[in-house]
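This report refers to the structure that appears directly beneath it.
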Amino acid sequence: MRLHTYRDESRSGRLNLTGGGGHPWSVDLVSATASLILVVGFSYAFVALWVTKRSMNFFPARALGSITG
């Protein structure tokens with residue numbers, strides 16, 4: 001496994017992780033990192049939505065906007 005840096009046609013820097021042996025492979029680390037950030041962001045948003053809906057079941061007065069003491 002090795003890290004390979006190069007410039008593409010538009011002169012942008014690219015970073016690849018390459019490996020090989022019998023079956024060579026390559027992973028574009030910029031795209032993989034962006035995909036990971038999106039997946040983690042959607043996961044956090046889903047958990048926040050789930051927690052919010054769950055808390056509305058425990059405190060139904062908050063859902064109506066009238067909190068009584």
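Labels for the structure tokens follow display order: chains A, B, ..., residues from 1 in each chain, ligands from 1.
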Which residues come within 7 Å of segment 26-30 of chain A, counting only C-alpha atoms, excluding same-chain residues fewer than 2 positions away, as a ChimeraX atom specification? /A:15-19,32-34
Those same residues, written as a CSV table (one decimal), in the first residue's frame with N, CA and C atoms?
chain,number,residue,atom,x,y,z
A,15,LEU,N,-5.1,12.8,-4.2
A,15,LEU,CA,-4.4,12.0,-3.3
A,15,LEU,C,-5.0,10.6,-3.4
A,16,ASN,N,-4.3,9.6,-3.8
A,16,ASN,CA,-4.7,8.3,-3.9
A,16,ASN,C,-4.0,7.3,-3.0
A,17,LEU,N,-4.7,6.3,-2.5
A,17,LEU,CA,-4.1,5.2,-1.8
A,17,LEU,C,-4.2,4.0,-2.7
A,18,THR,N,-3.0,3.5,-3.0
A,18,THR,CA,-3.0,2.4,-4.0
A,18,THR,C,-2.4,1.1,-3.4
A,19,GLY,N,-2.8,0.0,-3.8
A,19,GLY,CA,-2.3,-1.2,-3.4
A,19,GLY,C,-2.3,-2.2,-4.5
A,32,ALA,N,-13.3,9.8,-0.9
A,32,ALA,CA,-13.7,9.0,0.2
A,32,ALA,C,-13.9,9.8,1.4
A,33,THR,N,-13.1,10.8,1.7
A,33,THR,CA,-13.3,11.7,2.8
A,33,THR,C,-14.6,12.5,2.7
A,34,ALA,N,-14.9,13.0,1.5
A,34,ALA,CA,-16.1,13.8,1.4
A,34,ALA,C,-17.3,12.9,1.6
By how many Å are atom CA of Thr5 of chain A and atom CA of Gly22 of chain A apart?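 Spanning atom CA of Thr5 of chain A to atom CA of Gly22 of chain A is a straight-line distance of 22.6 Å.
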Quick one: of A:Pro24, A:Gly41, A:Leu49, A:Ser31, who's nearest to Met1 of chain A, counting only C-alpha atoms?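 The answer is A:Pro24, which sits nearest to Met1 of chain A.
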